[in-house]
>>> print(open('final-v4.cif').read())   # mmCIF, C-alpha atoms
data_start
#
loop_
_atom_site.group_PDB
_atom_site.id
_atom_site.type_symbol
_atom_site.label_atom_id
_atom_site.label_comp_id
_atom_site.auth_asym_id
_atom_site.auth_seq_id
_atom_site.Cartn_x
_atom_site.Cartn_y
_atom_site.Cartn_z
ATOM 1 C CA ALA A 1 68.914 14.029 -31.230
ATOM 2 C CA GLN A 2 70.725 11.838 -33.673
ATOM 3 C CA LYS A 3 72.432 13.477 -36.563
ATOM 4 C CA VAL A 4 75.140 12.830 -39.096
ATOM 5 C CA THR A 5 76.644 15.792 -40.903
ATOM 6 C CA GLN A 6 78.660 15.633 -44.069
ATOM 7 C CA ALA A 7 79.348 19.282 -44.650
ATOM 8 C CA GLN A 8 81.050 18.812 -48.006
ATOM 9 C CA THR A 9 78.377 18.506 -50.667
ATOM 10 C CA GLU A 10 80.834 18.037 -53.511
ATOM 11 C CA ILE A 11 84.601 17.750 -53.775
ATOM 12 C CA SER A 12 86.588 17.816 -56.985
ATOM 13 C CA VAL A 13 90.270 16.894 -57.142
ATOM 14 C CA VAL A 14 92.753 15.857 -59.768
ATOM 15 C CA GLU A 15 93.811 12.242 -59.939
ATOM 16 C CA LYS A 16 96.612 11.233 -57.556
ATOM 17 C CA GLU A 17 95.725 13.923 -55.029
ATOM 18 C CA ASP A 18 94.798 12.915 -51.493
ATOM 19 C CA VAL A 19 91.295 13.803 -50.375
ATOM 20 C CA THR A 20 89.507 13.720 -47.013
ATOM 21 C CA LEU A 21 85.771 13.395 -46.603
ATOM 22 C CA ASP A 22 84.433 14.707 -43.314
ATOM 23 C CA CYS A 23 81.766 13.138 -41.127
ATOM 24 C CA VAL A 24 80.574 14.584 -37.828
ATOM 25 C CA TYR A 25 77.955 12.833 -35.739
ATOM 26 C CA GLU A 26 75.819 13.532 -32.699
ATOM 27 C CA THR A 27 74.642 10.913 -30.238
ATOM 28 C CA ARG A 28 73.917 10.589 -26.532
ATOM 29 C CA ASP A 29 74.639 6.882 -26.484
ATOM 30 C CA THR A 30 77.960 5.471 -25.366
ATOM 31 C CA THR A 31 77.554 2.435 -27.620
ATOM 32 C CA TYR A 32 77.120 3.112 -31.287
ATOM 33 C CA TYR A 33 78.437 2.161 -34.708
ATOM 34 C CA LEU A 34 79.638 4.252 -37.603
ATOM 35 C CA PHE A 35 79.677 3.262 -41.242
ATOM 36 C CA TRP A 36 80.939 4.503 -44.575
ATOM 37 C CA TYR A 37 79.330 3.514 -47.859
ATOM 38 C CA LYS A 38 80.266 4.244 -51.455
ATOM 39 C CA GLN A 39 77.671 4.794 -54.173
ATOM 40 C CA PRO A 40 79.251 4.701 -57.644
ATOM 41 C CA PRO A 41 77.338 5.981 -60.695
ATOM 42 C CA SER A 42 75.793 2.521 -61.105
ATOM 43 C CA GLY A 43 73.691 3.264 -58.022
ATOM 44 C CA GLU A 44 74.336 0.347 -55.688
ATOM 45 C CA LEU A 45 75.652 1.329 -52.267
ATOM 46 C CA VAL A 46 78.749 -0.581 -51.287
ATOM 47 C CA PHE A 47 79.758 -1.076 -47.675
ATOM 48 C CA LEU A 48 83.281 0.180 -46.886
ATOM 49 C CA ILE A 49 83.780 0.069 -43.137
ATOM 50 C CA ARG A 50 82.083 -0.326 -39.752
ATOM 51 C CA ARG A 51 83.558 1.061 -36.545
ATOM 52 C CA ASN A 52 82.178 0.642 -33.039
ATOM 53 C CA SER A 53 82.374 3.374 -30.436
ATOM 54 C CA PHE A 54 84.842 1.502 -28.263
ATOM 55 C CA ASP A 55 87.457 1.135 -30.942
ATOM 56 C CA GLU A 56 89.210 4.390 -31.740
ATOM 57 C CA GLN A 57 92.044 2.861 -33.651
ATOM 58 C CA ASN A 58 92.475 4.260 -37.085
ATOM 59 C CA GLU A 59 92.003 1.844 -39.933
ATOM 60 C CA ILE A 60 93.817 1.568 -43.222
ATOM 61 C CA SER A 61 92.767 -0.517 -46.178
ATOM 62 C CA GLY A 62 94.940 0.009 -49.200
ATOM 63 C CA ARG A 63 94.507 3.623 -50.311
ATOM 64 C CA TYR A 64 91.614 4.137 -47.893
ATOM 65 C CA SER A 65 91.996 5.202 -44.276
ATOM 66 C CA TRP A 66 89.595 6.240 -41.563
ATOM 67 C CA ASN A 67 90.213 8.525 -38.599
ATOM 68 C CA PHE A 68 87.771 8.071 -35.726
ATOM 69 C CA GLN A 69 87.976 10.697 -32.971
ATOM 70 C CA LYS A 70 85.385 10.533 -30.220
ATOM 71 C CA SER A 71 86.645 13.804 -28.718
ATOM 72 C CA THR A 72 85.449 15.677 -31.804
ATOM 73 C CA SER A 73 82.661 13.217 -32.762
ATOM 74 C CA SER A 74 84.215 12.765 -36.158
ATOM 75 C CA PHE A 75 84.799 9.794 -38.437
ATOM 76 C CA ASN A 76 86.702 11.113 -41.428
ATOM 77 C CA PHE A 77 87.622 9.165 -44.532
ATOM 78 C CA THR A 78 90.800 9.760 -46.529
ATOM 79 C CA ILE A 79 91.626 8.476 -49.978
ATOM 80 C CA THR A 80 95.312 8.572 -50.776
ATOM 81 C CA ALA A 81 96.512 8.929 -54.369
ATOM 82 C CA SER A 82 92.955 9.186 -55.668
ATOM 83 C CA GLN A 83 91.924 7.478 -58.884
ATOM 84 C CA VAL A 84 89.123 8.169 -61.347
ATOM 85 C CA VAL A 85 87.377 4.984 -60.159
ATOM 86 C CA ASP A 86 87.016 6.593 -56.733
ATOM 87 C CA SER A 87 84.480 9.016 -58.205
ATOM 88 C CA ALA A 88 81.241 8.337 -56.339
ATOM 89 C CA VAL A 89 78.939 9.614 -53.652
ATOM 90 C CA TYR A 90 80.147 8.650 -50.192
ATOM 91 C CA PHE A 91 77.794 8.315 -47.249
ATOM 92 C CA CYS A 92 78.538 8.247 -43.551
ATOM 93 C CA ALA A 93 75.964 6.632 -41.248
ATOM 94 C CA LEU A 94 75.357 6.100 -37.533
ATOM 95 C CA SER A 95 73.623 3.260 -35.719
ATOM 96 C CA GLU A 96 72.933 3.227 -32.004
ATOM 97 C CA ILE A 97 72.650 0.016 -30.005
ATOM 98 C CA ASP A 98 68.993 0.629 -29.249
ATOM 99 C CA SER A 99 68.057 2.336 -32.497
ATOM 100 C CA ASN A 100 65.910 -0.570 -33.626
ATOM 101 C CA TYR A 101 68.083 -1.342 -36.621
ATOM 102 C CA GLN A 102 67.826 2.107 -38.119
ATOM 103 C CA LEU A 103 70.801 3.790 -39.705
ATOM 104 C CA ILE A 104 70.983 7.578 -39.566
ATOM 105 C CA TRP A 105 72.505 8.778 -42.805
ATOM 106 C CA GLY A 106 74.484 11.821 -43.734
ATOM 107 C CA ALA A 107 73.476 13.654 -46.896
ATOM 108 C CA GLY A 108 76.479 12.311 -48.765
ATOM 109 C CA THR A 109 79.543 13.863 -50.387
ATOM 110 C CA LYS A 110 79.926 13.672 -54.138
ATOM 111 C CA LEU A 111 83.568 13.066 -54.991
ATOM 112 C CA ILE A 112 84.778 13.845 -58.495
ATOM 113 C CA ILE A 113 88.236 12.696 -59.490
ATOM 114 C CA LYS A 114 89.419 14.362 -62.677
ATOM 115 C CA PRO A 115 92.018 12.624 -64.862
ATOM 116 C CA ASP B 116 78.428 -12.857 -51.980
ATOM 117 C CA VAL B 117 75.279 -11.315 -50.632
ATOM 118 C CA LYS B 118 72.861 -10.540 -53.379
ATOM 119 C CA VAL B 119 70.015 -8.097 -53.055
ATOM 120 C CA THR B 120 67.999 -7.866 -56.229
ATOM 121 C CA GLN B 121 65.402 -5.269 -57.068
ATOM 122 C CA SER B 122 62.921 -6.246 -59.735
ATOM 123 C CA SER B 123 63.281 -3.151 -61.911
ATOM 124 C CA ARG B 124 66.050 -0.697 -62.617
ATOM 125 C CA TYR B 125 63.778 1.936 -64.132
ATOM 126 C CA LEU B 126 60.020 2.367 -63.914
ATOM 127 C CA VAL B 127 57.633 4.935 -65.336
ATOM 128 C CA LYS B 128 54.130 4.990 -63.904
ATOM 129 C CA ARG B 129 51.125 7.250 -64.168
ATOM 130 C CA THR B 130 49.652 9.261 -61.328
ATOM 131 C CA GLY B 131 47.112 7.211 -59.412
ATOM 132 C CA GLU B 132 48.520 3.828 -60.422
ATOM 133 C CA LYS B 133 49.271 1.176 -57.834
ATOM 134 C CA VAL B 134 52.982 0.415 -57.975
ATOM 135 C CA PHE B 135 54.841 -2.609 -56.634
ATOM 136 C CA LEU B 136 58.581 -2.561 -56.072
ATOM 137 C CA GLU B 137 60.012 -5.983 -55.321
ATOM 138 C CA CYS B 138 63.191 -6.873 -53.491
ATOM 139 C CA VAL B 139 64.733 -10.289 -52.940
ATOM 140 C CA GLN B 140 67.801 -11.220 -50.898
ATOM 141 C CA ASP B 141 69.562 -14.566 -50.924
ATOM 142 C CA MET B 142 71.503 -14.527 -47.658
ATOM 143 C CA ASP B 143 68.784 -15.412 -45.156
ATOM 144 C CA HIS B 144 68.946 -11.972 -43.560
ATOM 145 C CA GLU B 145 66.372 -11.137 -40.912
ATOM 146 C CA ASN B 146 66.212 -7.406 -41.604
ATOM 147 C CA MET B 147 65.075 -5.734 -44.774
ATOM 148 C CA PHE B 148 64.687 -2.047 -45.525
ATOM 149 C CA TRP B 149 63.218 0.314 -48.084
ATOM 150 C CA TYR B 150 64.778 3.734 -48.527
ATOM 151 C CA ARG B 151 64.214 6.541 -50.918
ATOM 152 C CA GLN B 152 67.067 8.720 -52.058
ATOM 153 C CA ASP B 153 66.638 12.282 -53.221
ATOM 154 C CA PRO B 154 69.366 14.817 -54.068
ATOM 155 C CA GLY B 155 70.583 16.685 -50.997
ATOM 156 C CA LEU B 156 68.460 14.599 -48.627
ATOM 157 C CA GLY B 157 70.537 11.455 -48.389
ATOM 158 C CA LEU B 158 68.724 8.209 -47.676
ATOM 159 C CA ARG B 159 65.415 8.301 -45.867
ATOM 160 C CA LEU B 160 63.908 5.177 -44.385
ATOM 161 C CA ILE B 161 60.389 4.370 -45.526
ATOM 162 C CA TYR B 162 59.746 1.011 -43.840
ATOM 163 C CA PHE B 163 61.738 -1.842 -42.460
ATOM 164 C CA SER B 164 61.039 -5.390 -41.415
ATOM 165 C CA TYR B 165 62.895 -7.516 -38.887
ATOM 166 C CA ASP B 166 60.999 -10.729 -39.502
ATOM 167 C CA VAL B 167 58.428 -12.326 -41.756
ATOM 168 C CA LYS B 168 55.094 -10.509 -41.563
ATOM 169 C CA MET B 169 56.635 -7.876 -39.279
ATOM 170 C CA LYS B 170 57.002 -4.267 -40.356
ATOM 171 C CA GLU B 171 57.904 -0.974 -38.782
ATOM 172 C CA LYS B 172 57.424 2.538 -40.081
ATOM 173 C CA GLY B 173 60.508 4.538 -40.858
ATOM 174 C CA ASP B 174 60.805 8.277 -41.196
ATOM 175 C CA ILE B 175 58.555 8.779 -44.233
ATOM 176 C CA PRO B 176 55.937 6.000 -44.447
ATOM 177 C CA GLU B 177 53.082 8.166 -45.721
ATOM 178 C CA GLY B 178 51.810 7.035 -49.098
ATOM 179 C CA TYR B 179 53.593 3.673 -48.867
ATOM 180 C CA SER B 180 52.910 0.208 -47.524
ATOM 181 C CA VAL B 181 55.010 -2.943 -47.429
ATOM 182 C CA SER B 182 54.607 -6.670 -47.442
ATOM 183 C CA ARG B 183 56.892 -9.415 -46.193
ATOM 184 C CA GLU B 184 55.256 -12.804 -46.649
ATOM 185 C CA LYS B 185 58.553 -14.658 -47.063
ATOM 186 C CA LYS B 186 61.880 -14.027 -45.408
ATOM 187 C CA GLU B 187 63.706 -13.366 -48.646
ATOM 188 C CA ARG B 188 61.207 -10.966 -50.196
ATOM 189 C CA PHE B 189 60.194 -7.441 -49.173
ATOM 190 C CA SER B 190 57.779 -5.494 -51.310
ATOM 191 C CA LEU B 191 57.135 -1.766 -51.326
ATOM 192 C CA ILE B 192 53.693 -0.670 -52.469
ATOM 193 C CA LEU B 193 52.624 2.751 -53.605
ATOM 194 C CA GLU B 194 48.844 2.570 -53.275
ATOM 195 C CA SER B 195 48.206 5.566 -55.536
ATOM 196 C CA ALA B 196 51.361 6.927 -57.068
ATOM 197 C CA SER B 197 51.896 10.673 -57.052
ATOM 198 C CA THR B 198 54.480 12.843 -58.764
ATOM 199 C CA ASN B 199 56.199 13.614 -55.447
ATOM 200 C CA GLN B 200 57.044 9.937 -55.185
ATOM 201 C CA THR B 201 59.354 10.221 -58.159
ATOM 202 C CA SER B 202 62.661 9.125 -56.661
ATOM 203 C CA MET B 203 65.355 6.477 -56.420
ATOM 204 C CA TYR B 204 64.235 3.578 -54.235
ATOM 205 C CA LEU B 205 66.813 1.408 -52.521
ATOM 206 C CA CYS B 206 66.253 -1.927 -50.851
ATOM 207 C CA ALA B 207 68.690 -3.309 -48.295
ATOM 208 C CA SER B 208 69.068 -6.308 -46.024
ATOM 209 C CA SER B 209 71.146 -7.126 -42.965
ATOM 210 C CA LEU B 210 71.585 -9.730 -40.261
ATOM 211 C CA GLY B 211 69.461 -9.402 -37.161
ATOM 212 C CA SER B 212 71.596 -7.115 -35.034
ATOM 213 C CA THR B 213 72.245 -3.436 -35.111
ATOM 214 C CA ASN B 214 75.955 -3.611 -35.657
ATOM 215 C CA THR B 215 76.030 -5.406 -38.947
ATOM 216 C CA GLU B 216 76.348 -3.724 -42.274
ATOM 217 C CA ALA B 217 73.459 -3.503 -44.701
ATOM 218 C CA PHE B 218 73.715 -4.794 -48.259
ATOM 219 C CA PHE B 219 71.949 -2.863 -50.961
ATOM 220 C CA GLY B 220 70.245 -3.596 -54.223
ATOM 221 C CA GLN B 221 71.009 -1.656 -57.383
ATOM 222 C CA GLY B 222 68.101 0.713 -56.896
ATOM 223 C CA THR B 223 64.896 1.426 -58.807
ATOM 224 C CA ARG B 224 64.503 4.824 -60.362
ATOM 225 C CA LEU B 225 60.776 5.492 -60.357
ATOM 226 C CA THR B 226 59.246 8.297 -62.374
ATOM 227 C CA VAL B 227 55.595 9.153 -61.825
ATOM 228 C CA VAL B 228 54.074 11.206 -64.616
#
>>> encode(input="final-v4.cif", output="structure tokens")
Amino acid sequence: AQKVTQAQTEISVVEKEDVTLDCVYETRDTTYYLFWYKQPPSGELVFLIRRNSFDEQNEISGRYSWNFQKSTSSFNFTITASQVVDSAVYFCALSEIDSNYQLIWGAGTKLIIKP
Amino acid sequence: DVKVTQSSRYLVKRTGEKVFLECVQDMDHENMFWYRQDPGLGLRLIYFSYDVKMKEKGDIPEGYSVSREKKERFSLILESASTNQTSMYLCASSLGSTNTEAFFGQGTRLTVV
């Protein structure tokens, strides 16, 4: 079975706090890809990162960082020094090499950054 | 920049109407997708297309059909709209391999009354 779990439905923090969004996935394939997307209140999903299953290096992009751990099947996303503009719904997604182009989506985590 | 444009931001239709949702992308992408998004359910794939005139059912195709006569355009059709099809509809496109990211339109919020 393929599954992506984002257990946190909603997180609320005060601006400048660090926050981690969890993503746990299930797959039998050895080759797969993981994604994070951001959906601000405007509605359009914005691609943030893609990671393939053979690359477990953590990635940092400005205030954003991603921790990929195959041992725990997790691909967590951390925002450092959060800002109000980070308020959005964040989705984690999985694609397998033979999944016929389909992304398996988590239910999303709504992040609220309070000023 | 990749641009995926959905024809309407908001739509209100009556039960039983035939509804067309249009999506156009300008980056020559092979793949195009229609999703619906409902609170707590994430994104669910309705149909996708990997080439002109080709289509594949997603997870929830019932009550929907699609058309892809040109590479840049992918239409979602609700043959007879029902109230349970009230939702946010998202169109996306991507290059023709599984490991590339999808680019999304701004979404169409459809209300069926």
>>> interface_residues(input="final-v4.cif", of="chain A", to="chain B", cutoff="9 Å", atoms="only C-alpha atoms", output="JSON, numbers by chain")
{"A": [9, 32, 33, 34, 35, 42, 43, 44, 45, 46, 47, 49, 50, 51, 52, 91, 95, 96, 97, 98, 99, 100, 101, 102, 103, 104, 105, 106, 107, 108]}
>>> closest_residue(input="final-v4.cif", among="B:Ser202, B:Val127, B:Glu194, B:Gln121", to="Asp141 (chain B)", atoms="all atoms listed in the file")
B:Gln121
>>> residues_around(input="final-v4.cif", residues="Pro41 (chain A)", least_positions_apart="6", cutoff="10 Å", atoms="all atoms listed in the file", output="number ranges by chain")
A: 87-89
>>> atom_distance(input="final-v4.cif", atom1="CA of Met142 (chain B)", atom2="CA of Lys185 (chain B)")
13.0 Å
>>> atom_distance(input="final-v4.cif", atom1="CA of Ala196 (chain B)", atom2="CA of Lys170 (chain B)")
20.9 Å
>>> resolve_selection(input="final-v4.cif", expression="the PyMOL selection byres ((chain B and resi 186) around 9)", output="MDAnalysis selection string")
chainID B and resid 139:140 143:147 166:168 183:185 187:189
>>> resolve_selection(input="final-v4.cif", expression="the PyMOL selection byres ((chain A and resi 85) around 12)", output="ChimeraX atom specification")
/A:15-16,38-42,79,81-84,86-89,111-115
>>> atom_distance(input="final-v4.cif", atom1="CA of Leu94 (chain A)", atom2="CA of Ile161 (chain B)")
17.1 Å
>>> residues_near_point(input="final-v4.cif", point="(76.9, 16.5, -43.1)", cutoff="7 Å", atoms="only C-alpha atoms", output="list in words")
Val4, Thr5, Gln6, Ala7, Gln8, Cys23, Val24, Gly106 and Ala107 of chain A
>>> closest_residue(input="final-v4.cif", among="B:Thr201, B:Ser208, B:Ser195, B:Thr226", to="Glu132 (chain B)", atoms="only C-alpha atoms")
B:Ser195
>>> decode(input="final-v4.cif", residues="region 133-217 of chain B", atoms="C-alpha atoms", output="mmCIF file, in the first residue's frame")
data_model
loop_
_atom_site.group_PDB
_atom_site.id
_atom_site.type_symbol
_atom_site.label_atom_id
_atom_site.label_comp_id
_atom_site.auth_asym_id
_atom_site.auth_seq_id
_atom_site.Cartn_x
_atom_site.Cartn_y
_atom_site.Cartn_z
ATOM 1 C CA LYS B 133 -23.151 20.375 -17.540
ATOM 2 C CA VAL B 134 -20.017 22.102 -16.288
ATOM 3 C CA PHE B 135 -16.725 22.654 -18.092
ATOM 4 C CA LEU B 136 -13.548 23.503 -16.224
ATOM 5 C CA GLU B 137 -10.718 24.549 -18.509
ATOM 6 C CA CYS B 138 -6.998 24.420 -17.886
ATOM 7 C CA VAL B 139 -4.181 25.677 -20.085
ATOM 8 C CA GLN B 140 -0.428 25.337 -19.580
ATOM 9 C CA ASP B 141 2.254 27.150 -21.535
ATOM 10 C CA MET B 142 5.334 25.009 -20.931
ATOM 11 C CA ASP B 143 4.765 22.163 -23.384
ATOM 12 C CA HIS B 144 4.307 19.654 -20.573
ATOM 13 C CA GLU B 145 3.245 16.142 -21.505
ATOM 14 C CA ASN B 146 1.317 15.397 -18.319
ATOM 15 C CA MET B 147 -1.762 17.156 -17.068
ATOM 16 C CA PHE B 148 -3.880 16.396 -14.027
ATOM 17 C CA TRP B 149 -7.195 17.268 -12.436
ATOM 18 C CA TYR B 150 -7.536 17.037 -8.673
ATOM 19 C CA ARG B 151 -10.237 17.938 -6.263
ATOM 20 C CA GLN B 152 -9.414 19.206 -2.814
ATOM 21 C CA ASP B 153 -11.714 18.832 0.152
ATOM 22 C CA PRO B 154 -10.988 19.678 3.804
ATOM 23 C CA GLY B 155 -9.289 16.813 5.624
ATOM 24 C CA LEU B 156 -8.983 14.711 2.467
ATOM 25 C CA GLY B 157 -6.005 16.339 0.812
ATOM 26 C CA LEU B 158 -5.800 16.185 -2.965
ATOM 27 C CA ARG B 159 -7.551 13.390 -4.796
ATOM 28 C CA LEU B 160 -6.783 12.637 -8.412
ATOM 29 C CA ILE B 161 -9.769 12.632 -10.741
ATOM 30 C CA TYR B 162 -8.135 12.097 -14.144
ATOM 31 C CA PHE B 163 -4.787 12.604 -15.739
ATOM 32 C CA SER B 164 -3.432 12.669 -19.250
ATOM 33 C CA TYR B 165 0.078 11.882 -20.442
ATOM 34 C CA ASP B 166 -0.437 12.837 -24.064
ATOM 35 C CA VAL B 167 -2.907 14.410 -26.443
ATOM 36 C CA LYS B 168 -6.137 12.411 -26.612
ATOM 37 C CA MET B 169 -4.866 10.083 -23.876
ATOM 38 C CA LYS B 170 -6.520 9.905 -20.477
ATOM 39 C CA GLU B 171 -6.351 7.733 -17.413
ATOM 40 C CA LYS B 172 -8.736 7.474 -14.499
ATOM 41 C CA GLY B 173 -7.488 8.573 -11.130
ATOM 42 C CA ASP B 174 -8.890 7.685 -7.750
ATOM 43 C CA ILE B 175 -12.315 9.329 -8.078
ATOM 44 C CA PRO B 176 -13.371 9.526 -11.748
ATOM 45 C CA GLU B 177 -17.072 8.851 -11.190
ATOM 46 C CA GLY B 178 -19.253 11.706 -12.370
ATOM 47 C CA TYR B 179 -16.423 13.310 -14.359
ATOM 48 C CA SER B 180 -14.944 13.093 -17.829
ATOM 49 C CA VAL B 181 -12.016 14.856 -19.461
ATOM 50 C CA SER B 182 -10.869 16.005 -22.840
ATOM 51 C CA ARG B 183 -7.399 16.696 -24.178
ATOM 52 C CA GLU B 184 -7.563 17.668 -27.838
ATOM 53 C CA LYS B 185 -4.455 19.857 -27.692
ATOM 54 C CA LYS B 186 -1.302 19.409 -25.676
ATOM 55 C CA GLU B 187 -1.698 22.646 -23.774
ATOM 56 C CA ARG B 188 -5.347 22.259 -22.801
ATOM 57 C CA PHE B 189 -7.033 19.791 -20.441
ATOM 58 C CA SER B 190 -10.720 20.098 -19.736
ATOM 59 C CA LEU B 191 -12.699 18.595 -16.883
ATOM 60 C CA ILE B 192 -16.375 17.963 -17.552
ATOM 61 C CA LEU B 193 -19.106 17.382 -15.034
ATOM 62 C CA GLU B 194 -21.832 15.791 -17.149
ATOM 63 C CA SER B 195 -24.603 16.487 -14.633
ATOM 64 C CA ALA B 196 -23.411 18.486 -11.677
ATOM 65 C CA SER B 197 -24.461 17.374 -8.215
ATOM 66 C CA THR B 198 -24.121 19.045 -4.836
ATOM 67 C CA ASN B 199 -21.478 16.526 -3.729
ATOM 68 C CA GLN B 200 -19.243 17.872 -6.466
ATOM 69 C CA THR B 201 -18.984 21.186 -4.674
ATOM 70 C CA SER B 202 -15.243 21.461 -4.119
ATOM 71 C CA MET B 203 -11.977 23.139 -5.039
ATOM 72 C CA TYR B 204 -10.655 21.840 -8.356
ATOM 73 C CA LEU B 205 -6.958 22.035 -9.115
ATOM 74 C CA CYS B 206 -5.275 21.535 -12.453
ATOM 75 C CA ALA B 207 -1.590 20.678 -12.719
ATOM 76 C CA SER B 208 0.983 19.881 -15.371
ATOM 77 C CA SER B 209 4.407 18.264 -15.403
ATOM 78 C CA LEU B 210 7.082 16.978 -17.743
ATOM 79 C CA GLY B 211 6.790 13.411 -18.935
ATOM 80 C CA SER B 212 8.586 11.552 -16.173
ATOM 81 C CA THR B 213 7.607 10.586 -12.699
ATOM 82 C CA ASN B 214 10.314 12.460 -10.895
ATOM 83 C CA THR B 215 9.491 15.956 -11.969
ATOM 84 C CA GLU B 216 7.470 18.374 -9.951
ATOM 85 C CA ALA B 217 3.951 19.355 -10.921
#
